[in-house]
Each structure stands twice: as C-alpha cells, then as structure tokens.
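Source file: final-v9.tsv (TSV, C-alpha atoms)
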chain	number	residue	atom	x	y	z
G	858	MET	CA	23.91	0.41	-14.73
G	859	ILE	CA	20.16	-0.05	-14.54
G	860	GLN	CA	18.55	-1.65	-17.59
G	861	THR	CA	14.97	-2.26	-18.64
G	862	GLY	CA	13.38	-5.59	-17.83
G	863	ILE	CA	13.93	-5.54	-14.05
G	864	LYS	CA	10.88	-7.07	-12.40
G	865	GLY	CA	9.58	-6.70	-8.87
G	866	ARG	CA	6.92	-8.28	-6.71
G	867	ARG	CA	5.73	-7.36	-3.24
G	868	GLU	CA	2.89	-8.94	-1.29
G	869	GLN	CA	1.03	-7.97	1.87
G	870	THR	CA	-2.19	-8.66	3.75
G	871	VAL	CA	-4.70	-5.82	3.98
G	872	THR	CA	-5.02	-4.71	7.61
G	873	PRO	CA	-7.67	-2.39	9.07
G	874	GLU	CA	-5.01	0.37	9.15
G	875	MET	CA	-4.79	0.14	5.34
G	876	SER	CA	-8.50	0.69	4.81
G	877	ALA	CA	-10.03	3.72	3.14
G	878	ALA	CA	-12.14	4.35	6.24
G	879	ARG	CA	-9.11	4.33	8.53
G	880	ILE	CA	-6.82	6.58	6.49
G	881	GLY	CA	-9.54	9.00	5.44
G	882	SER	CA	-9.70	8.38	1.71
G	883	GLY	CA	-13.18	6.83	1.87
G	884	LEU	CA	-15.84	5.53	4.19
G	885	VAL	CA	-15.58	1.76	3.78
G	886	GLU	CA	-13.28	-0.93	5.16
G	887	VAL	CA	-11.51	-1.82	1.91
G	888	PHE	CA	-7.91	-1.50	0.67
G	889	ALA	CA	-7.38	2.23	0.20
G	890	THR	CA	-6.14	3.62	-3.09
G	891	PRO	CA	-3.30	5.53	-1.35
G	892	MET	CA	-2.18	2.23	0.18
G	893	MET	CA	-2.20	0.61	-3.26
G	894	VAL	CA	-0.02	3.48	-4.48
G	895	ALA	CA	2.36	2.92	-1.55
G	896	LEU	CA	2.54	-0.78	-2.42
G	897	ILE	CA	3.36	0.14	-6.03
G	898	GLU	CA	6.11	2.56	-4.95
G	899	GLN	CA	7.62	0.02	-2.55
G	900	THR	CA	7.61	-2.69	-5.21
G	901	CYS	CA	9.34	-0.51	-7.78
G	902	LEU	CA	11.89	0.85	-5.30
G	903	GLU	CA	12.82	-2.59	-4.00
G	904	SER	CA	13.18	-3.98	-7.52
G	905	VAL	CA	15.95	-1.55	-8.46
G	906	LEU	CA	17.75	-1.20	-5.12
G	907	PRO	CA	20.22	-4.02	-5.87
G	908	HIS	CA	21.14	-2.28	-9.14
G	909	LEU	CA	21.97	1.14	-7.67
G	910	GLU	CA	25.46	2.39	-6.92
G	911	GLU	CA	26.60	3.05	-3.35
G	912	GLY	CA	24.94	6.20	-2.00
G	913	GLN	CA	22.13	6.21	-4.55
G	914	GLY	CA	18.41	5.90	-3.99
G	915	THR	CA	15.27	6.64	-5.95
G	916	VAL	CA	12.35	8.98	-5.37
G	917	GLY	CA	8.86	8.65	-6.79
G	918	THR	CA	7.79	11.51	-9.03
G	919	LEU	CA	4.68	10.33	-10.89
G	920	VAL	CA	1.98	7.73	-10.39
G	921	ASN	CA	-0.70	7.12	-13.01
G	922	VAL	CA	-2.85	4.17	-11.97
G	923	SER	CA	-6.44	3.05	-11.95
G	924	HIS	CA	-7.88	1.26	-8.91
G	925	THR	CA	-10.59	-0.88	-10.46
G	926	ALA	CA	-11.66	-3.40	-7.81
G	927	ALA	CA	-12.14	-3.28	-4.05
G	928	THR	CA	-10.31	-5.64	-1.69
G	929	PRO	CA	-11.67	-6.35	1.80
G	930	VAL	CA	-9.56	-6.28	4.95
G	931	GLY	CA	-7.83	-9.61	5.57
G	932	ARG	CA	-7.18	-10.44	1.93
G	933	ARG	CA	-3.76	-10.70	0.29
G	934	VAL	CA	-2.73	-8.07	-2.25
G	935	TRP	CA	0.41	-7.88	-4.35
G	936	CYS	CA	2.04	-5.71	-6.94
G	937	GLU	CA	4.10	-6.78	-9.93
G	938	SER	CA	6.31	-4.24	-11.64
G	939	GLU	CA	8.53	-4.14	-14.69
G	940	LEU	CA	11.04	-1.43	-15.54
G	941	VAL	CA	10.13	-0.44	-19.11
G	942	ILE	CA	12.01	2.84	-19.69
G	943	VAL	CA	15.43	3.99	-18.52
G	944	ASP	CA	16.18	7.57	-19.61
G	945	ARG	CA	19.37	8.59	-17.78
G	946	ARG	CA	18.14	9.00	-14.17
G	947	ARG	CA	14.44	8.60	-15.04
G	948	LEU	CA	12.92	5.15	-14.50
G	949	VAL	CA	9.42	4.25	-15.71
G	950	PHE	CA	7.67	1.10	-14.52
G	951	SER	CA	4.62	-0.74	-15.75
G	952	VAL	CA	2.66	-1.86	-12.67
G	953	LYS	CA	-0.23	-4.16	-11.88
G	954	ALA	CA	-1.86	-4.82	-8.52
G	955	TYR	CA	-3.82	-7.96	-7.67
G	956	ASP	CA	-5.79	-9.58	-4.91
G	957	GLU	CA	-6.84	-13.20	-4.60
G	958	CYS	CA	-9.73	-12.59	-7.05
G	959	GLY	CA	-7.67	-10.93	-9.82
G	960	LEU	CA	-6.51	-7.56	-11.10
G	961	ILE	CA	-7.37	-4.59	-8.85
G	962	GLY	CA	-5.30	-1.84	-10.45
G	963	GLU	CA	-2.75	-1.02	-13.12
G	964	GLY	CA	-0.81	1.79	-14.69
G	965	SER	CA	2.65	3.31	-14.58
G	966	HIS	CA	5.02	4.74	-12.01
G	967	GLU	CA	8.04	7.01	-12.52
G	968	ARG	CA	11.04	7.30	-10.22
G	969	PHE	CA	14.31	9.24	-10.45
G	970	VAL	CA	17.70	7.99	-9.33
G	971	ILE	CA	19.23	10.37	-6.79
G	972	ASP	CA	22.44	10.81	-4.86
G	973	THR	CA	20.93	10.45	-1.40
G	974	ALA	CA	23.38	12.74	0.43
G	975	GLN	CA	23.06	15.55	-2.13
G	976	PHE	CA	19.29	15.17	-2.16
G	977	MET	CA	19.06	15.43	1.65
G	978	GLU	CA	21.46	18.40	1.70
G	979	LYS	CA	19.21	20.23	-0.75
G	980	ILE	CA	16.08	19.33	1.24
G	981	ASN	CA	17.64	20.34	4.57
G	982	SER	CA	18.57	23.73	3.15
G	983	LYS	CA	14.83	24.47	2.92
G	984	SER	CA	14.54	24.70	6.72
Encoded form using structure tokens:
Amino acid sequence: MIQTGIKGRREQTVTPEMSAARIGSGLVEVFATPMMVALIEQTCLESVLPHLEEGQGTVGTLVNVSHTAATPVGRRVWCESELVIVDRRRLVFSVKAYDECGLIGEGSHERFVIDTAQFMEKINSKS
C-alpha cells in the first residue's frame, strides 16, 4: 500500500533538445517549461514505482507549477518530490525543481494508480 511521505529525486543535464527554442515553447536556449514538467512527472512516477503492485502503473492527471527562473543549456537541473496525499488511487505530490543556482520551479502534481492492462484495453478500444 502506498503511503504519504515517499520522496523522489531525479537529476539531468539540460541539453539543446530540452530548450524552449528547440521544442517550440519559446525562442531562447533555456530549459523549457514543458521539459521541467516532464522532469517532475518522471520524478514522481519513479518514486512510487517500487510501491505499486504487479501490473499497476500511474498516469499524470494534473500539474500545477510555476517556472520562476531560467536555466541555460549545459547546467544540471533536478526535481525533488514528496507524496503528500493518498486518496484511494489518487496521489498528490509536492514538487520543487532546482538548478545549480537555486529554486527554478515549484508546485504540485497529481497522478492516479491504474491497472496497466485494463487502462490499455480501454485506450485501444478508442481506435
């Protein structure tokens, strides 16, 4: 059973492919907000994976974050997460993102625990 207090951390180096200019979310060569969101989702997912039952996964359903400081290409960024709410299948995380100069973003992220096979069956029936 998943319980509050689970913490996660994921680190990466900002590459040109992660820049706002490259992915189309801006015009400058800095860490793109969508890439920060992806880092947040990966951090939260990886933190709870060891606590899931066989055949389970999680899907992101809500992201509410501010991106408050720019990070140039080549710098390290990381996310720290903490699971703060467990409401049946709903998981809510407090998240903070940093670079080598300090805080670059923070907020919350929500994920739902799913049965992966059932989820994919439902999705595949859409085609």
(2.4, -7.0, 4.7) in this file's frame - what residues fall within 10 Å of it? Use all atoms listed in the file and give the answer as number ranges by chain.
G: 867-872, 896, 933-935
Nearest-residue call for Leu902 in chain G, choices G:Glu978, G:Glu963, G:Glu939, G:Asp944, using only C-alpha atoms
G:Glu939
Using all atoms listed in the file, which of the listed residues (G:Ser876, G:Thr861, G:Gln975, G:Ser951) sits closest to Phe888 in chain G?
G:Ser876
Pick out the closest residue to His924 in chain G from this set: G:Pro891, G:Gly883, G:Pro873, G:Gly862. Count only C-alpha atoms.
G:Pro891
Name the residues in contact with Gly914 in chain G at a cut-off of 8 Å, using only C-alpha atoms, excluding same-chain residues fewer than 6 positions from it; report them as a ChimeraX atom specification.
/G:906,970-973
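With distances restricted to all atoms listed in the file, G:Gly962 is the closest residue to Val922 in chain G from G:Gly865, G:Pro907, G:Gly881, G:Gly962.
Between CA of Glu898 in chain G and CA of Thr915 in chain G lies a distance of 10.1 Å.
The interatomic distance for the pair CA of Gly964 in chain G and CA of Leu909 in chain G works out to 23.8 Å.
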Residue with smallest distance to Met875 in chain G - pool G:Ile863, G:Glu957, G:Thr928, G:Gln899, counting all atoms listed in the file
G:Thr928
Residues near Arg866 in chain G, anyone? I mean within 6 Å using all atoms listed in the file, not counting same-chain ones fewer than 5 positions away, as a PyMOL selection string.
chain G and resi 900+936-937
